[in-house]
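Q: Following this line is query_25.txt, made up of compact mmCIF, C-alpha atoms:
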# COMPACT_ATOMS: atom_id res chain seq x y z
CA MET K 1 -13.95 -19.78 13.00
CA ALA K 2 -10.53 -21.13 14.05
CA THR K 3 -11.25 -24.50 12.39
CA ASP K 4 -12.25 -22.69 9.19
CA LEU K 5 -9.02 -20.69 9.24
CA HIS K 6 -6.94 -23.83 9.73
CA GLN K 7 -8.73 -25.48 6.80
CA ARG K 8 -8.21 -22.43 4.59
CA LEU K 9 -4.55 -22.25 5.59
CA ARG K 10 -3.99 -25.94 4.77
CA ALA K 11 -5.65 -25.43 1.38
CA ALA K 12 -3.58 -22.29 0.66
CA ARG K 13 -0.35 -24.12 1.48
CA THR K 14 -1.04 -26.56 -1.38
CA THR K 15 -1.30 -23.79 -4.00
CA ALA K 16 1.31 -21.98 -6.05
CA PRO K 17 1.56 -18.20 -6.39
CA SER K 18 -0.97 -16.76 -8.83
CA TYR K 19 1.69 -14.99 -10.94
CA PRO K 20 4.92 -16.20 -12.60
CA GLU K 21 7.33 -13.40 -11.58
CA VAL K 22 7.85 -14.60 -7.99
CA GLY K 23 10.49 -12.53 -6.19
CA ALA K 24 10.52 -9.67 -8.71
CA THR K 25 10.21 -7.02 -5.95
CA ARG K 26 13.68 -7.98 -4.76
CA GLY K 27 15.33 -6.55 -7.89
CA GLY K 28 15.11 -3.14 -9.46
CA ARG K 29 12.77 -3.53 -12.44
CA LEU K 30 9.19 -4.62 -11.91
CA PRO K 31 7.52 -6.86 -14.51
CA ASP K 32 5.44 -5.51 -17.36
CA GLY K 33 1.68 -6.09 -17.48
CA TYR K 34 0.98 -4.92 -13.92
CA ALA K 35 0.32 -1.66 -12.12
CA HIS K 36 3.47 -0.59 -10.27
CA LEU K 37 3.68 1.26 -7.01
CA ARG K 38 6.64 2.51 -4.98
CA ARG K 39 6.19 4.67 -1.91
CA ARG K 40 8.61 5.43 0.86
CA VAL K 41 8.80 7.45 4.02
CA HIS K 42 11.75 8.72 6.06
CA LEU K 43 11.82 7.17 9.54
CA GLY K 44 14.83 8.77 11.21
CA HIS K 45 18.52 8.20 11.61
CA GLY K 46 20.75 5.38 12.82
CA PRO K 47 20.90 1.65 13.45
CA GLU K 48 18.47 1.77 16.40
CA VAL K 49 15.72 3.17 14.15
CA LEU K 50 16.53 0.56 11.49
CA GLU K 51 16.35 -2.27 14.04
CA ARG K 52 13.14 -1.05 15.69
CA ALA K 53 11.33 -0.48 12.38
CA GLY K 54 12.72 -3.66 10.81
CA ARG K 55 11.55 -5.92 13.65
CA TYR K 56 8.11 -4.30 13.49
CA VAL K 57 7.91 -4.90 9.72
CA LEU K 58 9.11 -8.53 9.98
CA GLY K 59 6.48 -9.07 12.69
CA TRP K 60 3.73 -8.02 10.23
CA GLY K 61 3.39 -4.70 12.06
CA SER K 62 2.61 -2.71 8.94
CA GLN K 63 -0.32 -5.05 8.25
CA SER K 64 -1.62 -5.32 11.82
CA GLY K 65 -1.23 -1.56 12.21
CA THR K 66 -3.69 -1.05 9.36
CA GLY K 67 -6.44 -3.38 10.54
CA PHE K 68 -5.35 -6.72 9.10
CA ALA K 69 -4.99 -9.77 11.30
CA VAL K 70 -2.31 -12.27 10.26
CA PHE K 71 -2.90 -15.99 10.71
CA PRO K 72 -0.84 -17.68 11.93
CA GLY K 73 1.13 -15.07 13.85
CA GLY K 74 4.88 -14.78 14.22
CA PRO K 75 7.57 -13.13 12.14
CA ALA K 76 7.64 -13.38 8.34
CA ARG K 77 9.71 -16.36 7.15
CA ASP K 78 10.66 -17.46 3.63
CA GLY K 79 8.07 -19.78 2.15
CA GLU K 80 5.51 -19.24 4.92
CA THR K 81 1.85 -19.16 3.89
CA VAL K 82 -0.40 -16.78 5.80
CA LEU K 83 -3.97 -15.57 5.73
CA LEU K 84 -4.52 -11.85 5.99
CA ARG K 85 -7.94 -11.18 7.44
CA LEU K 86 -9.82 -7.93 7.11
CA ARG K 87 -13.18 -7.22 8.63
CA LEU K 88 -15.13 -4.57 6.82
CA PRO K 89 -16.18 -1.61 9.02
CA ARG K 90 -19.59 -1.94 10.68
CA ALA K 91 -20.20 -5.33 9.10
CA ARG K 92 -20.27 -8.66 10.83
CA TRP K 93 -19.73 -10.38 7.49
CA PRO K 94 -18.09 -10.65 5.09
CA ARG K 95 -14.57 -10.85 6.33
CA LEU K 96 -12.01 -10.96 3.62
CA VAL K 97 -9.57 -13.83 4.04
CA ILE K 98 -6.62 -13.19 1.78
CA PRO K 99 -4.04 -15.97 1.19
CA CYS K 100 -0.39 -14.92 0.69
CA ARG K 101 3.05 -16.50 0.71
CA VAL K 102 6.28 -14.90 1.90
CA VAL K 103 8.54 -15.04 -1.17
CA TRP K 104 11.68 -13.49 0.29
CA THR K 105 13.07 -12.02 3.49
CA VAL K 106 16.16 -9.99 4.21
CA ASP K 107 17.81 -9.30 7.56
CA GLU K 108 21.10 -7.49 7.01
CA PRO K 109 22.91 -4.66 8.84
CA ASP K 110 21.42 -2.06 6.47
CA ARG K 111 18.18 -3.76 5.23
CA ILE K 112 15.35 -5.62 6.96
CA GLY K 113 12.10 -6.69 5.38
CA PHE K 114 10.15 -9.16 3.29
CA ALA K 115 7.79 -9.58 0.36
CA TYR K 116 4.67 -11.63 -0.03
CA GLY K 117 3.00 -12.84 -3.15
CA THR K 118 -0.62 -13.56 -3.90
CA LEU K 119 -2.10 -17.04 -3.91
CA PRO K 120 -5.35 -18.19 -5.55
CA GLY K 121 -8.24 -16.55 -3.70
CA HIS K 122 -6.47 -13.21 -3.28
CA PRO K 123 -8.39 -10.30 -4.87
CA GLU K 124 -5.22 -9.24 -6.69
CA CYS K 125 -2.42 -10.96 -8.52
CA GLY K 126 1.15 -9.85 -7.78
CA GLU K 127 3.59 -9.05 -5.02
CA GLU K 128 4.22 -6.48 -2.27
CA ALA K 129 7.55 -5.81 -0.56
CA PHE K 130 8.08 -4.06 2.77
CA LEU K 131 11.66 -2.94 3.26
CA VAL K 132 13.36 -0.83 5.93
CA SER K 133 16.80 0.35 4.83
CA MET K 134 19.58 2.63 6.01
CA ASP K 135 21.57 4.64 3.47
CA ALA K 136 25.28 5.55 3.62
CA GLU K 137 24.50 8.69 5.65
CA GLY K 138 22.59 6.68 8.26
CA GLU K 139 19.13 7.84 7.18
CA VAL K 140 16.46 5.16 7.61
CA TRP K 141 13.64 4.69 5.11
CA PHE K 142 10.61 2.42 4.87
CA GLU K 143 9.58 1.54 1.33
CA VAL K 144 6.62 -0.39 -0.02
CA THR K 145 7.01 -1.72 -3.56
CA ALA K 146 4.23 -3.53 -5.37
CA PHE K 147 3.20 -4.84 -8.73
CA SER K 148 -0.34 -6.07 -9.12
CA ARG K 149 -3.43 -6.41 -11.20
CA LEU K 150 -6.98 -7.05 -10.07
CA SER K 151 -7.91 -10.69 -10.18
CA ALA K 152 -11.14 -11.40 -8.27
CA TRP K 153 -14.43 -10.66 -10.03
CA TYR K 154 -15.56 -8.36 -7.22
CA ALA K 155 -12.31 -6.36 -7.40
CA ARG K 156 -12.59 -6.01 -11.19
CA LEU K 157 -16.26 -5.09 -10.95
CA GLY K 158 -15.47 -2.34 -8.44
CA ARG K 159 -12.16 -1.36 -10.06
CA PRO K 160 -12.08 2.31 -8.95
CA VAL K 161 -12.92 1.36 -5.37
CA ALA K 162 -10.44 -1.55 -5.37
CA LEU K 163 -7.63 0.69 -6.65
CA LEU K 164 -8.46 3.34 -4.05
CA CYS K 165 -8.42 0.67 -1.32
CA GLN K 166 -4.99 -0.52 -2.44
CA TYR K 167 -3.61 3.03 -2.44
CA LEU K 168 -5.08 3.71 1.01
CA ALA K 169 -3.65 0.45 2.37
CA ILE K 170 -0.15 1.41 1.17
CA GLU K 171 -0.48 4.85 2.79
CA ARG K 172 -1.63 3.22 6.02
CA TYR K 173 1.32 0.80 5.95
CA LEU K 174 3.67 3.78 5.73
CA ALA K 175 1.84 5.60 8.53
CA ALA K 176 1.80 2.54 10.80
CA VAL K 177 5.56 2.03 10.58
CA SER K 178 6.21 5.77 11.01
CA ALA K 179 4.00 5.84 14.10
CA HIS K 180 5.75 2.80 15.54
CA VAL K 181 9.15 4.47 15.41
CA GLY K 182 7.73 7.69 16.79
CA ARG K 183 7.68 10.00 13.78
What does the file become when written as structure tokens?

A:
Amino acid sequence: MATDLHQRLRAARTTAPSYPEVGATRGGRLPDGYAHLRRRVHLGHGPEVLERAGRYVLGWGSQSGTGFAVFPGGPARDGETVLLRLRLPRARWPRLVIPCRVVWTVDEPDRIGFAYGTLPGHPECGEEAFLVSMDAEGEVWFEVTAFSRLSAWYARLGRPVALLCQYLAIERYLAAVSAHVGR
């Protein structure tokens, strides 16, 4: 299994993102032609909450907290290619192996987070951003922003289920970060 993951990672590193609007989650307006999603949750107040939540997010905590394994491990870094792995409940196989690339990171006094984009082989096409921020009043928020469209045949074939899975994943990301900071 480890050899297979290394081979898949090497292959994914040679590919380009499967969409042209790389980095679009960093700005305000998301590109046309995709489904858009923005969800956020209040985490608490103050720089300690920002730091704790931000380090968790940069360490792929929102993904690992929802059942994904990230290969290779370590904090999100610009340009890094990773494989998100998801094992379906009560099934030995198949395991989804989802290639992604970190397209931007931010680590500032009032914002910590990153975005990854899809690579060929991902069931969707688009980008997701995970950002912890502190507003002028010191309130700390975790926001997930995404634009995507279904790309794999099995995702398109099971469109309602695929869309429900994406929505549930976003909700679980929010819950995982909230739980980590103790809300």

Q: As a PyMOL selection string, please: the residues near Glu124 (chain K) (cut-off 9 Å, all atoms listed in the file, same-chain neighbours under 3 positions excluded).

A: chain K and resi 18+118-119+121+127+148-152+155

Q: If we count only C-alpha atoms, what is near region 39-47 of chain K at a cut-off of 6 Å, once residues fewer than 3 positions away on the same chain are taken out, given as a PyMOL selection string?

A: chain K and resi 50+138-144+178

Q: Based on the selection just made, write C-alpha atoms of those residues as a compact mmCIF listing (two decimals), in the frame of the given file.

A:
# COMPACT_ATOMS: atom_id res chain seq x y z
CA LEU K 50 16.53 0.56 11.49
CA GLY K 138 22.59 6.68 8.26
CA GLU K 139 19.13 7.84 7.18
CA VAL K 140 16.46 5.16 7.61
CA TRP K 141 13.64 4.69 5.11
CA PHE K 142 10.61 2.42 4.87
CA GLU K 143 9.58 1.54 1.33
CA VAL K 144 6.62 -0.39 -0.02
CA SER K 178 6.21 5.77 11.01

Q: I'd like the neighbourhood of Val22 (chain K) as a list in words, where a residue qualifies if any of its atoms comes within 8 Å (using all atoms listed in the file), though same-chain residues fewer than 3 positions away should be ignored.

A: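 Listing them by chain and then by number gives Pro17, Tyr19, Val103, Gly117 and Glu127 of chain K.
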
Q: Provide the CA of Val181 (chain K) to CA of Glu48 (chain K) distance in Å, to one decimal place.

A: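 The value is 9.8 Å.
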
Q: Between K:Leu58, K:Glu80, K:Phe114, K:Gly73, single out the one closest to Arg101 (chain K), counting only C-alpha atoms.

A: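 Going through K:Leu58, K:Glu80, K:Phe114, K:Gly73 one by one, the smallest distance to Arg101 (chain K) is for K:Glu80.
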
Q: If I take CA of Ala24 (chain K) and CA of Leu5 (chain K), how far is one from the other in Å, to one decimal?

A: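 Separation of CA of Ala24 (chain K) and CA of Leu5 (chain K): 28.7 Å.
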
Q: Please indicate the distance in Å from CA of Glu21 (chain K) to CA of Val102 (chain K), rounded to one decimal place.

A: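 Atom-to-atom, CA of Glu21 (chain K) and CA of Val102 (chain K) are spaced 13.6 Å apart.
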
Q: Skip Tyr116 (chain K) itself and residues of its chain fewer than 6 positions away, then list as number ranges by chain all residues within 10 Å of it, counting all atoms listed in the file.

A: K: 17, 22-23, 25, 76-82, 99-105, 126-130, 146

Q: For region 52-57 of chain K, work out the shell of residues within 6 Å, counting only C-alpha atoms and skipping chain neighbours fewer than 5 positions away, then give it as a ChimeraX atom specification.

A: /K:62,112,132

Q: Using all atoms listed in the file, find the one residue out of K:Glu51, K:Gly33, K:Ala136, K:Leu84 that sits nearest to Thr66 (chain K).

A: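 Counting all atoms listed in the file, the residue closest to Thr66 (chain K) is K:Leu84.
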
Q: Which is closest to Leu83 (chain K) among K:Leu131, K:Phe68, K:Arg38, K:Asp32, if we use all atoms listed in the file?

A: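 Selected residue with least distance to Leu83 (chain K): K:Phe68.
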
Q: Of the candidates K:Glu108, K:Phe147, K:Phe71, K:His122, which one gets nearest to His6 (chain K) if we count all atoms listed in the file?

A: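 With all atoms listed in the file as the atom set, the closest residue is K:Phe71.
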
Q: I'd like to know which of K:His36, K:Glu137, K:Pro120, K:Gln166 is closest to Ala11 (chain K), using all atoms listed in the file.

A: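 Residue with the minimum atom-to-atom distance to Ala11 (chain K): K:Pro120.
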
Q: Pick from K:Pro75, K:Tyr34, K:Pro123, K:Ala176: nearest to Trp60 (chain K), with all atoms listed in the file counted?

A: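 Closest to Trp60 (chain K) of all the choices is K:Pro75.
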
Q: Is it possible to add N, CA, C and O atoms to region 97-119 of chain K and hand it back as an mmCIF file, keeping the file's coordinate frame?

A:
data_model
loop_
_atom_site.group_PDB
_atom_site.id
_atom_site.type_symbol
_atom_site.label_atom_id
_atom_site.label_comp_id
_atom_site.auth_asym_id
_atom_site.auth_seq_id
_atom_site.Cartn_x
_atom_site.Cartn_y
_atom_site.Cartn_z
ATOM 1 N N VAL K 97 -10.674 -12.951 3.644
ATOM 2 C CA VAL K 97 -9.570 -13.830 4.040
ATOM 3 C C VAL K 97 -8.689 -13.946 2.812
ATOM 4 O O VAL K 97 -9.103 -14.486 1.785
ATOM 5 N N ILE K 98 -7.481 -13.392 2.935
ATOM 6 C CA ILE K 98 -6.620 -13.190 1.780
ATOM 7 C C ILE K 98 -5.357 -14.056 1.922
ATOM 8 O O ILE K 98 -4.512 -13.797 2.776
ATOM 9 N N PRO K 99 -5.207 -15.087 1.086
ATOM 10 C CA PRO K 99 -4.040 -15.970 1.190
ATOM 11 C C PRO K 99 -2.807 -15.368 0.505
ATOM 12 O O PRO K 99 -2.891 -14.839 -0.599
ATOM 13 N N CYS K 100 -1.664 -15.459 1.199
ATOM 14 C CA CYS K 100 -0.390 -14.920 0.690
ATOM 15 C C CYS K 100 0.739 -15.862 1.082
ATOM 16 O O CYS K 100 0.621 -16.641 2.023
ATOM 17 N N ARG K 101 1.848 -15.742 0.368
ATOM 18 C CA ARG K 101 3.050 -16.500 0.710
ATOM 19 C C ARG K 101 4.247 -15.564 0.752
ATOM 20 O O ARG K 101 4.437 -14.741 -0.151
ATOM 21 N N VAL K 102 5.049 -15.683 1.799
ATOM 22 C CA VAL K 102 6.280 -14.900 1.900
ATOM 23 C C VAL K 102 7.244 -15.456 0.851
ATOM 24 O O VAL K 102 7.566 -16.644 0.860
ATOM 25 N N VAL K 103 7.699 -14.584 -0.061
ATOM 26 C CA VAL K 103 8.540 -15.040 -1.170
ATOM 27 C C VAL K 103 10.008 -14.697 -0.960
ATOM 28 O O VAL K 103 10.866 -15.282 -1.610
ATOM 29 N N TRP K 104 10.300 -13.738 -0.095
ATOM 30 C CA TRP K 104 11.680 -13.490 0.290
ATOM 31 C C TRP K 104 11.710 -12.666 1.580
ATOM 32 O O TRP K 104 10.757 -11.974 1.899
ATOM 33 N N THR K 105 12.799 -12.837 2.312
ATOM 34 C CA THR K 105 13.070 -12.020 3.490
ATOM 35 C C THR K 105 14.508 -11.561 3.418
ATOM 36 O O THR K 105 15.346 -12.185 2.749
ATOM 37 N N VAL K 106 14.792 -10.482 4.098
ATOM 38 C CA VAL K 106 16.160 -9.990 4.210
ATOM 39 C C VAL K 106 16.344 -9.449 5.619
ATOM 40 O O VAL K 106 15.458 -8.798 6.164
ATOM 41 N N ASP K 107 17.477 -9.780 6.225
ATOM 42 C CA ASP K 107 17.810 -9.300 7.560
ATOM 43 C C ASP K 107 19.319 -9.061 7.581
ATOM 44 O O ASP K 107 20.094 -9.936 7.931
ATOM 45 N N GLU K 108 19.697 -7.879 7.138
ATOM 46 C CA GLU K 108 21.100 -7.490 7.010
ATOM 47 C C GLU K 108 21.355 -6.234 7.819
ATOM 48 O O GLU K 108 20.403 -5.565 8.237
ATOM 49 N N PRO K 109 22.623 -5.863 8.030
ATOM 50 C CA PRO K 109 22.910 -4.660 8.840
ATOM 51 C C PRO K 109 22.281 -3.374 8.309
ATOM 52 O O PRO K 109 22.031 -2.457 9.089
ATOM 53 N N ASP K 110 21.991 -3.297 7.007
ATOM 54 C CA ASP K 110 21.420 -2.060 6.470
ATOM 55 C C ASP K 110 20.055 -2.258 5.788
ATOM 56 O O ASP K 110 19.501 -1.312 5.236
ATOM 57 N N ARG K 111 19.478 -3.484 5.861
ATOM 58 C CA ARG K 111 18.180 -3.760 5.230
ATOM 59 C C ARG K 111 17.453 -4.862 5.986
ATOM 60 O O ARG K 111 18.035 -5.918 6.256
ATOM 61 N N ILE K 112 16.185 -4.616 6.292
ATOM 62 C CA ILE K 112 15.350 -5.620 6.960
ATOM 63 C C ILE K 112 13.962 -5.554 6.318
ATOM 64 O O ILE K 112 13.393 -4.465 6.194
ATOM 65 N N GLY K 113 13.443 -6.702 5.929
ATOM 66 C CA GLY K 113 12.100 -6.690 5.380
ATOM 67 C C GLY K 113 11.739 -7.998 4.709
ATOM 68 O O GLY K 113 12.441 -9.007 4.836
ATOM 69 N N PHE K 114 10.641 -7.961 3.962
ATOM 70 C CA PHE K 114 10.150 -9.160 3.290
ATOM 71 C C PHE K 114 9.194 -8.764 2.178
ATOM 72 O O PHE K 114 8.769 -7.612 2.070
ATOM 73 N N ALA K 115 8.835 -9.756 1.377
ATOM 74 C CA ALA K 115 7.790 -9.580 0.360
ATOM 75 C C ALA K 115 6.863 -10.773 0.419
ATOM 76 O O ALA K 115 7.286 -11.886 0.736
ATOM 77 N N TYR K 116 5.607 -10.521 0.130
ATOM 78 C CA TYR K 116 4.670 -11.630 -0.030
ATOM 79 C C TYR K 116 4.028 -11.553 -1.389
ATOM 80 O O TYR K 116 3.883 -10.484 -1.972
ATOM 81 N N GLY K 117 3.665 -12.724 -1.874
ATOM 82 C CA GLY K 117 3.000 -12.840 -3.150
ATOM 83 C C GLY K 117 1.603 -13.384 -2.968
ATOM 84 O O GLY K 117 1.297 -14.026 -1.968
ATOM 85 N N THR K 118 0.776 -13.129 -3.957
ATOM 86 C CA THR K 118 -0.620 -13.560 -3.900
ATOM 87 C C THR K 118 -0.748 -15.040 -4.243
ATOM 88 O O THR K 118 0.017 -15.585 -5.034
ATOM 89 N N LEU K 119 -1.726 -15.659 -3.629
ATOM 90 C CA LEU K 119 -2.100 -17.040 -3.910
ATOM 91 C C LEU K 119 -3.520 -17.046 -4.452
ATOM 92 O O LEU K 119 -4.244 -16.045 -4.300
#
